[in-house]
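Colleague: My structure is stored as target36.tsv, with TSV, C-alpha atoms.
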chain	number	residue	atom	x	y	z
Q	279	MET	CA	-4.18	-18.85	12.94
Q	280	SER	CA	-0.99	-18.16	11.04
Q	281	LYS	CA	-0.65	-14.69	9.63
Q	282	SER	CA	1.70	-15.74	6.81
Q	283	ARG	CA	-1.04	-16.77	4.35
Q	284	LEU	CA	-2.93	-13.53	4.95
Q	285	GLU	CA	0.24	-11.51	4.30
Q	286	ALA	CA	1.08	-13.51	1.16
Q	287	PHE	CA	-2.46	-13.15	-0.19
Q	288	THR	CA	-2.50	-9.42	0.48
Q	289	ASP	CA	0.91	-9.00	-1.17
Q	290	ALA	CA	-0.31	-10.89	-4.24
Q	291	VAL	CA	-3.53	-8.87	-4.56
Q	292	ILE	CA	-1.70	-5.55	-4.23
Q	293	ALA	CA	0.85	-6.67	-6.84
Q	294	ILE	CA	-1.96	-7.62	-9.23
Q	295	VAL	CA	-3.77	-4.32	-8.63
Q	296	MET	CA	-0.55	-2.42	-9.37
Q	297	THR	CA	-0.14	-4.40	-12.60
Q	298	ILE	CA	-3.73	-3.77	-13.69
Q	299	LEU	CA	-3.25	-0.09	-12.89
Q	300	VAL	CA	-0.43	0.26	-15.42
Q	301	LEU	CA	-2.45	-1.52	-18.13
Q	302	GLU	CA	-4.72	1.54	-18.27
Q	303	LEU	CA	-1.78	3.62	-19.52
Q	304	HIS	CA	-1.29	3.62	-23.26
Q	305	GLN	CA	1.97	4.61	-24.90
Q	306	PRO	CA	2.22	7.90	-26.79
Q	307	THR	CA	1.42	7.82	-30.48
Q	308	THR	CA	4.70	9.53	-31.44
Q	309	ASP	CA	8.34	9.17	-30.47
Q	310	THR	CA	8.71	12.75	-29.21
Q	311	LEU	CA	7.94	14.52	-25.96
Q	312	ALA	CA	4.97	16.04	-27.72
Q	313	GLY	CA	3.51	12.55	-27.69
Q	314	LEU	CA	3.04	12.87	-23.95
Q	315	VAL	CA	0.58	15.70	-24.49
Q	316	GLY	CA	-2.84	14.28	-23.93
Q	317	ILE	CA	-1.78	11.49	-21.56
Q	318	GLU	CA	-0.09	13.65	-18.91
Q	319	LYS	CA	-3.21	13.71	-16.70
Q	320	LYS	CA	-3.60	9.92	-16.87
Q	321	LEU	CA	0.11	9.54	-16.13
Q	322	PHE	CA	-0.15	11.90	-13.16
Q	323	ILE	CA	-3.11	10.13	-11.54
Q	324	TYR	CA	-1.45	6.77	-12.26
Q	325	ILE	CA	1.60	7.91	-10.28
Q	326	VAL	CA	-0.62	9.13	-7.42
Q	327	SER	CA	-2.49	5.81	-7.32
Q	328	PHE	CA	0.69	3.72	-7.56
Q	329	VAL	CA	2.25	5.66	-4.68
Q	330	MET	CA	-0.97	5.20	-2.69
Q	331	LEU	CA	-0.87	1.42	-3.20
Q	332	ALA	CA	2.82	1.32	-2.28
Q	333	ILE	CA	2.10	3.29	0.91
Q	334	TYR	CA	-0.71	0.92	1.85
Q	335	TRP	CA	1.54	-2.06	1.24
Q	336	ASN	CA	4.40	-0.55	3.28
Q	337	ASN	CA	2.15	0.31	6.20
Q	338	HIS	CA	0.35	-3.06	6.08
Q	339	HIS	CA	3.73	-4.81	6.07
Q	340	HIS	CA	5.00	-2.74	8.99
Q	341	MET	CA	1.85	-3.25	11.03
Q	342	PHE	CA	1.94	-7.02	10.51
Q	343	GLN	CA	5.46	-7.16	11.91
Q	344	LEU	CA	3.80	-6.62	15.31
Q	345	VAL	CA	0.90	-9.03	14.80
Q	346	LYS	CA	1.08	-12.29	16.75
Q	347	LYS	CA	-2.48	-13.60	16.25
Q	348	ILE	CA	-5.26	-13.37	13.71
Q	349	ASP	CA	-8.76	-14.84	13.56
Q	350	GLY	CA	-11.72	-15.01	11.19
Q	351	ARG	CA	-12.74	-11.42	11.87
Q	352	VAL	CA	-9.25	-10.25	10.97
Q	353	LEU	CA	-9.43	-12.27	7.75
Q	354	TRP	CA	-12.70	-10.57	6.80
Q	355	ALA	CA	-11.37	-7.14	7.77
Q	356	ASN	CA	-8.32	-7.76	5.59
Q	357	ASN	CA	-10.57	-8.94	2.74
Q	358	PHE	CA	-12.55	-5.70	3.08
Q	359	PHE	CA	-9.26	-3.78	2.90
Q	360	ILE	CA	-8.03	-5.57	-0.24
Q	361	PHE	CA	-11.49	-5.28	-1.82
Q	362	THR	CA	-11.23	-1.51	-1.55
Q	363	LEU	CA	-7.78	-1.62	-3.15
Q	364	THR	CA	-9.11	-3.60	-6.11
Q	365	LEU	CA	-11.26	-0.56	-6.92
Q	366	VAL	CA	-8.15	1.59	-7.48
Q	367	PRO	CA	-7.66	0.77	-11.22
Q	368	PHE	CA	-11.31	1.54	-12.03
Q	369	ALA	CA	-11.38	4.82	-10.09
Q	370	THR	CA	-7.96	5.84	-11.42
Q	371	ALA	CA	-8.90	5.19	-15.05
Q	372	TRP	CA	-12.14	7.13	-14.77
Q	373	ALA	CA	-10.60	10.05	-12.89
Q	374	GLY	CA	-7.67	10.08	-15.35
Q	375	ASP	CA	-10.00	10.33	-18.33
Q	376	PHE	CA	-12.14	13.05	-16.73
Q	377	ILE	CA	-9.81	14.79	-14.28
Q	378	ASP	CA	-11.85	18.03	-14.35
Q	379	SER	CA	-15.21	16.30	-13.78
Q	380	LEU	CA	-16.93	16.08	-10.43
Q	381	VAL	CA	-18.40	12.56	-10.48
Q	382	PRO	CA	-15.15	10.73	-11.43
Q	383	GLN	CA	-13.19	12.74	-8.85
Q	384	ILE	CA	-15.79	12.11	-6.15
Q	385	THR	CA	-15.70	8.40	-7.06
Q	386	TYR	CA	-11.91	8.44	-6.73
Q	387	GLY	CA	-12.17	10.24	-3.39
Q	388	LEU	CA	-14.82	7.82	-2.12
Q	389	MET	CA	-12.60	4.88	-3.10
Q	390	VAL	CA	-9.72	6.38	-1.11
Q	391	LEU	CA	-12.03	7.09	1.84
Q	392	LEU	CA	-13.31	3.52	1.78
Q	393	ALA	CA	-9.74	2.19	1.67
Q	394	ASN	CA	-8.78	4.35	4.65
Q	395	ILE	CA	-11.82	3.23	6.62
Q	396	SER	CA	-11.08	-0.41	5.82
Q	397	TYR	CA	-7.47	0.01	6.96
Q	398	LEU	CA	-8.72	1.48	10.25
Q	399	VAL	CA	-11.18	-1.42	10.66
Q	400	LEU	CA	-8.34	-3.89	10.05
Q	401	THR	CA	-6.18	-2.11	12.62
Q	402	ARG	CA	-9.01	-2.21	15.19
Q	403	GLU	CA	-9.57	-5.94	14.60
Q	404	LEU	CA	-5.87	-6.66	14.98
Q	405	ILE	CA	-5.79	-4.77	18.27
Q	406	ARG	CA	-8.87	-6.69	19.45
Q	407	ILE	CA	-7.34	-10.11	18.83
Q	408	ASN	CA	-3.78	-9.22	19.92
Q	409	GLY	CA	-4.92	-7.23	22.96
Q	410	SER	CA	-4.75	-3.56	23.81
Q	411	ASP	CA	-1.76	-4.35	26.03
Q	412	SER	CA	0.19	-5.84	23.08
Q	413	THR	CA	2.87	-3.82	21.34
Q	414	LEU	CA	0.47	-3.38	18.44
Q	415	GLY	CA	-2.27	-2.18	20.80
Q	416	GLU	CA	0.04	0.23	22.58
Q	417	LEU	CA	1.19	1.78	19.31
Q	418	PHE	CA	-2.17	1.93	17.55
Q	419	GLN	CA	-4.78	2.25	20.32
Q	420	ARG	CA	-4.99	6.01	19.95
Q	421	TYR	CA	-3.62	6.24	16.43
Q	422	ASN	CA	-4.99	9.63	15.52
Q	423	LYS	CA	-3.31	9.60	12.10
Q	424	SER	CA	-6.04	7.31	10.76
Q	425	TYR	CA	-8.84	9.51	12.11
Q	426	ILE	CA	-7.18	12.65	10.75
Q	427	THR	CA	-6.86	10.92	7.38
Q	428	ILE	CA	-10.55	10.05	7.26
Q	429	PHE	CA	-11.48	13.60	8.30
Q	430	LEU	CA	-9.27	14.98	5.50
Q	431	ASN	CA	-10.83	12.53	3.01
Q	432	VAL	CA	-14.28	13.89	3.84
Q	433	LEU	CA	-12.99	17.47	3.71
Q	434	GLY	CA	-11.49	16.81	0.26
Q	435	LEU	CA	-14.80	15.39	-0.97
Q	436	LEU	CA	-16.67	18.44	0.34
Q	437	LEU	CA	-14.18	20.88	-1.18
Q	438	GLY	CA	-14.35	18.98	-4.46
Q	439	TRP	CA	-18.13	19.15	-4.42
Q	440	LEU	CA	-18.40	22.79	-3.35
Q	441	ILE	CA	-15.38	24.46	-4.98
Q	442	HIS	CA	-13.65	22.37	-7.68
Q	443	PRO	CA	-13.13	18.65	-8.36
Q	444	TYR	CA	-9.33	19.12	-8.20
Q	445	PHE	CA	-9.59	19.51	-4.43
Q	446	VAL	CA	-10.37	15.79	-4.05
Q	447	LEU	CA	-7.04	14.92	-5.63
Q	448	ILE	CA	-5.11	17.73	-3.93
Q	449	VAL	CA	-6.26	16.67	-0.45
Q	450	ASN	CA	-5.54	13.02	-1.21
Q	451	ILE	CA	-2.00	13.90	-2.31
Q	452	GLY	CA	-1.56	15.72	1.01
Q	453	ILE	CA	-2.72	12.60	2.83
Q	454	LEU	CA	-0.21	10.48	0.90
Q	455	ILE	CA	2.61	12.79	1.96
Q	456	MET	CA	1.47	12.32	5.56
Q	457	TRP	CA	1.66	8.50	5.23
Q	458	ILE	CA	4.68	8.05	2.96
Q	459	ILE	CA	7.01	7.15	5.81
Q	460	PRO	CA	5.73	4.18	7.82
Q	461	ASP	CA	5.48	4.62	11.57
Q	462	ARG	CA	9.05	4.67	12.90
Q	463	ARG	CA	7.84	3.34	16.26
Q	464	ILE	CA	7.10	0.04	14.56
Q	465	GLU	CA	10.62	-0.20	13.17
Q	466	LYS	CA	12.03	0.50	16.62
Q	467	GLN	CA	9.87	-2.27	18.10
Q	468	TYR	CA	10.82	-4.68	15.34
Q	469	LYS	CA	14.55	-4.13	15.91
Q	470	LYS	CA	14.28	-5.12	19.57
Taking this structure as input, can you express it in the form of structure tokens?
Modeller:
Amino acid sequence: MSKSRLEAFTDAVIAIVMTILVLELHQPTTDTLAGLVGIEKKLFIYIVSFVMLAIYWNNHHHMFQLVKKIDGRVLWANNFFIFTLTLVPFATAWAGDFIDSLVPQITYGLMVLLANISYLVLTRELIRINGSDSTLGELFQRYNKSYITIFLNVLGLLLGWLIHPYFVLIVNIGILIMWIIPDRRIEKQYKK
């Protein structure tokens, strides 16, 4: 199967999700900086979510530079991945409205955890179809960054539950910093 339609579909869905995300932001009611008071939390979590979507898109794009083959299982794994990303506007809006509340923050954290698990599942399916001896397989076979990310997601949820809901967001921001630069090994392989 050709990977180009899968990439185009994923690009389109992520672009739509990013657009929906910004629709949850409402302009200030005044023309002064004081007008930003009251929407600063929504603006902050919007930026976090936008950066998260951009990081997913960058890493998905980089990974697919190494993909030679896909199959039906890869299509479903990718659909699972983009499904989780479509939950971002909902979770962002709720967490932005109730940034100090446990349930919206846990929901946000669970959405991020689900997205990270789905990205790992997609990676595993791509390795399966392209082979563990492929460039993709060699680079991602023991890709501990994904497992560390999922562990940190769970840790953030536990800290949010036990200590304060802010910890869900704090840990997820730390994870984003860890992923902001796509794997340089992929770029080196792509340049060959």
Colleague: Find the residue from Q:Asn450, Q:Asn337, Q:Asn356, Q:Thr370 that sits nearest to Q:Leu391; use all atoms listed in the file when measuring.
Modeller: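 Nearest candidate to Q:Leu391 out of Q:Asn450, Q:Asn337, Q:Asn356, Q:Thr370: Q:Asn450.
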Colleague: Which residues come within 12 Å of Q:Val432, counting all atoms listed in the file, excluding same-chain residues fewer than 3 positions away, as a list in words?
Modeller: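 The contact residues come out as Ile384, Gly387, Leu388, Met389, Val390, Leu391, Leu392, Asn394, Ile395, Tyr425, Ile426, Thr427, Ile428, Phe429, Leu435, Leu436, Leu437, Gly438, Trp439, Phe445, Val446, Leu447, Val449, Asn450 and Ile453 of chain Q.
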Colleague: May I ask for the distance between atom CA of Q:Leu321 and atom CA of Q:Pro306, given in Å to one decimal place?
Modeller: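 Going from atom CA of Q:Leu321 over to atom CA of Q:Pro306 covers 11.0 Å.
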Colleague: May I ask which of the residues Q:Ile455, Q:Leu404, Q:Ile323, Q:Val352 is the closest one to Q:Val366, counting only C-alpha atoms?
Modeller: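 Of the candidates, the smallest distance to Q:Val366 is held by Q:Ile323.
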Colleague: Quote the spacing between atom CA of Q:Gln383 and atom CA of Q:Phe368 in Å to one decimal place.
Modeller: 11.8 Å
Colleague: Which protein, DNA or RNA residues are at most 12 Å from (-1.0, 10.8, -11.2) in the file's coordinates when you count only C-alpha atoms, listed as an MDAnalysis selection string?
Modeller: chainID Q and resid 299:300 303 317:330 370:371 373:375 377 447:448 450:451
Colleague: Looking at only C-alpha atoms, which of Q:Arg402, Q:His304, Q:Lys281, Q:His442 is the one that sits closest to Q:Asp378?
Modeller: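 Ranking Q:Arg402, Q:His304, Q:Lys281, Q:His442 by distance to Q:Asp378, first place goes to Q:His442.
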Colleague: Check the smallest atom-to-atom distance from each of Q:Trp457, Q:Ala286, Q:Gly452, Q:Leu311 to Q:Ile333 using all atoms listed in the file, then report the winner.
Modeller: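 Using all atoms listed in the file, Q:Ile333 sits closest to Q:Trp457.
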Colleague: Have a look at Q:Val345, Q:Ala312, Q:Ile298, Q:Ala369 and name the one nearest to Q:Leu284; count all atoms listed in the file.
Modeller: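 Going through Q:Val345, Q:Ala312, Q:Ile298, Q:Ala369 one by one, the smallest distance to Q:Leu284 is for Q:Val345.
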Colleague: I need the residue nearest Q:Ala393 from this list: Q:Met456, Q:Arg351, Q:Tyr334, Q:Ser280. Use all atoms listed in the file for the distance.
Modeller: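 Closest residue, counting all atoms listed in the file: Q:Tyr334.
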